[in-house]
Amino acid sequence: RRPNVAISRRRVSSSSSNVNANTSLTPLRGVYPVLITPFHHQGGEQIDLQSFRRCISFMKDRVGCHGVTVAGVLGESNRLTDFEKKLLIQTAVNEVRQTNSASQQEQQHLPFQLCVGVTHTGTAATVALCEMAVEIGVDAVMVSPTKPDGGPQSSDSDIYYLFEQIATACPNTSIVLQDLPSSSGVYLSIEVLVRILSNIPQVTTVKLESLPTVSRLSALRTSLKLLDVEYSVLTGLGALYSGFDLLVQSPSASTPSDSGRVGSDGFMTGFAFPEVLLAMNRYAQMKEYGKVRQLYEKYLPLIVLEQQPVEGLAIRKELYRQRGLIESSHVRHPGKKLSITLKRVVQEQLELSFSSHQVDIKDGIHESLL
């Protein structure tokens, strides 16, 4: 079970905001796996909704995550029809409501949260997707700005306008700003991030996936230090740089020290073993930074393997399959399938990563076995 953690309210000066503030919105902190979208191998590549529901209940009940994100980049959202995307969101909302109802009966204080990726190449379409997701019942939406068709880098004013429009349409919903230039082609300046976080209170969280993550995180923390804004930064990129993101030092610190840490507030990423991320995040909160490093170094080979270009999604799906969460590791066409050679490598690395204990990866892995 995940521990009860206090999440303070976000404070935004109403005089500096162009969008009506909703002070009940809170930044996302903790671990939010970005789920894969399972498909049946045969029968027209239909979504496997039973496996999808199983993934959600596993992350909540067996692992103890704080929530999940669906229809993200590696959830193959660009390969889903509009109907399928709506179906996926409806299924996720229904499953989360069931798990939250059970949690209330067990007197757990923090509900399991659902975030949905709604990025689209057009602003109006993105807003419409947000409205649809909110109407169905999601807790948060994740949005990445996109480039104009055939054009250069989006201007800061265009980027700001996008998030302003979403916040105006969905004023009571938290927005996760996804900073992923490797996919979006949009490089977000620290200045525009500060402007958005300072003036649009619905944008509560930044999913920081722009390189170098350590420098970007440090610059953002420094720029917002003197402003009365509460926000969170979550690590992405498959947790590839998590051992550094969690331990970022304040540039104002004269010498390296634990008191000068300004690292990320958790994870929103798709690594198939979020138990590792939960443990790393907990140790970081407890300022046991040596244990953060130990876990990072131990599981880095598995993290790197899963982040393979081209076949990375196929590897992640295979890990989900081996964990008993999905029936098939099928990647929707034209996605790359997992080669026989790489499948063997995955199996070998699993045995190496969990060789020190007899671990059943089909169950939630207790922190003591990591």
# chains A, B, ... in the order shown; residues from 1 in each chain; ligands from 1
>>> select_by_dssp(residues="segment 13-204 of chain A", states="alpha helix (DSSP H)", output="JSON, numbers by chain")
{"A": [49, 50, 51, 52, 53, 54, 55, 56, 57, 82, 83, 84, 85, 86, 87, 88, 89, 90, 91, 92, 93, 94, 95, 96, 97, 98, 99, 100, 101, 102, 103, 104, 105, 123, 124, 125, 126, 127, 128, 129, 130, 131, 132, 133, 134, 135, 136, 156, 157, 158, 159, 160, 161, 162, 163, 164, 165, 166, 167, 168, 169, 181, 182, 183, 184, 190, 191, 192, 193, 194, 195, 196, 197, 198, 199]}
>>> select_by_dssp(residues="segment 143-328 of chain A", states="strand (DSSP E or B)", output="PyMOL selection string")
chain A and resi 143+174-179+203-208+232-235+249+261+266-267
>>> closest_atom_pairs(of="segment 219-309 of chain A", to="segment 333-351 of chain A", cutoff="10 Å", atoms="only C-alpha atoms", output="Markdown table")
| residue | atom | partner | partner_atom | distance |
| --- | --- | --- | --- | --- |
| A:Tyr299 | CA | A:Gln349 | CA | 9.8 |
| A:Pro301 | CA | A:Gln349 | CA | 7.6 |
| A:Leu302 | CA | A:Gln349 | CA | 6.5 |
| A:Leu305 | CA | A:Val346 | CA | 7.6 |
| A:Glu306 | CA | A:Val346 | CA | 8.6 |
>>> residues_around(residues="segment 268-281 of chain A", least_positions_apart="3", cutoff="8 Å", atoms="only C-alpha atoms", output="PyMOL selection string")
chain A and resi 30-36+63+65+69+74+207+234-239+246+265+284-285+291-292+295-296+299+303+306+316+319-320+364-367+370
>>> atom_distance(atom1="atom CA of Ser329 of chain A", atom2="atom CA of Cys55 of chain A")
13.2 Å
>>> atom_distance(atom1="atom CA of Ala219 of chain A", atom2="atom CA of Gln113 of chain A")
28.5 Å
>>> closest_residue(among="A:Val262, A:Leu177, A:Glu45, A:Ala314", to="Glu164 of chain A", atoms="only C-alpha atoms")
A:Leu177
>>> closest_atom_pairs(of="segment 216-289 of chain A", to="segment 184-194 of chain A", cutoff="8 Å", atoms="only C-alpha atoms", output="tab-separated table")
residue	atom	partner	partner_atom	distance
A:Arg216	CA	A:Ile190	CA	7.6
A:Ala219	CA	A:Ile190	CA	7.1
A:Leu220	CA	A:Ile190	CA	6.1
A:Ser223	CA	A:Val194	CA	7.0
A:Leu224	CA	A:Val194	CA	6.6
>>> write_last_selection(atoms="N, CA, C and O atoms", output="PDB file, in the first residue's frame")
ATOM      1  N   ARG A 216      18.043  21.394 -16.931  1.00  0.00           N
ATOM      2  CA  ARG A 216      16.718  21.981 -17.132  1.00  0.00           C
ATOM      3  C   ARG A 216      15.936  22.045 -15.815  1.00  0.00           C
ATOM      4  O   ARG A 216      15.296  23.058 -15.510  1.00  0.00           O
ATOM      5  N   ALA A 219      17.460  24.761 -13.578  1.00  0.00           N
ATOM      6  CA  ALA A 219      17.130  26.103 -14.064  1.00  0.00           C
ATOM      7  C   ALA A 219      15.682  26.465 -13.761  1.00  0.00           C
ATOM      8  O   ALA A 219      15.379  27.602 -13.380  1.00  0.00           O
ATOM      9  N   LEU A 220      14.779  25.499 -13.905  1.00  0.00           N
ATOM     10  CA  LEU A 220      13.374  25.765 -13.620  1.00  0.00           C
ATOM     11  C   LEU A 220      13.160  26.034 -12.139  1.00  0.00           C
ATOM     12  O   LEU A 220      12.442  26.973 -11.762  1.00  0.00           O
ATOM     13  N   SER A 223      14.485  29.521 -11.312  1.00  0.00           N
ATOM     14  CA  SER A 223      13.663  30.608 -11.859  1.00  0.00           C
ATOM     15  C   SER A 223      12.368  30.802 -11.080  1.00  0.00           C
ATOM     16  O   SER A 223      11.842  31.917 -10.998  1.00  0.00           O
ATOM     17  N   LEU A 224      11.840  29.723 -10.511  1.00  0.00           N
ATOM     18  CA  LEU A 224      10.566  29.805  -9.796  1.00  0.00           C
ATOM     19  C   LEU A 224      10.731  29.950  -8.288  1.00  0.00           C
ATOM     20  O   LEU A 224       9.742  30.059  -7.556  1.00  0.00           O
TER      21      LEU A 224
END
>>> closest_residue(among="A:Pro145, A:Gly137, A:Gly43, A:Gly122", to="Ser183 of chain A", atoms="only C-alpha atoms")
A:Pro145
>>> closest_residue(among="A:Val116, A:Asp245, A:Thr146, A:Gly64", to="Leu129 of chain A", atoms="only C-alpha atoms")
A:Val116
>>> closest_residue(among="A:Pro181, A:Gly243, A:Ile326, A:Val143", to="Gln294 of chain A", atoms="only C-alpha atoms")
A:Gly243
>>> closest_residue(among="A:Gln249, A:Thr26, A:Thr123, A:Gln307", to="Ser232 of chain A", atoms="only C-alpha atoms")
A:Thr26
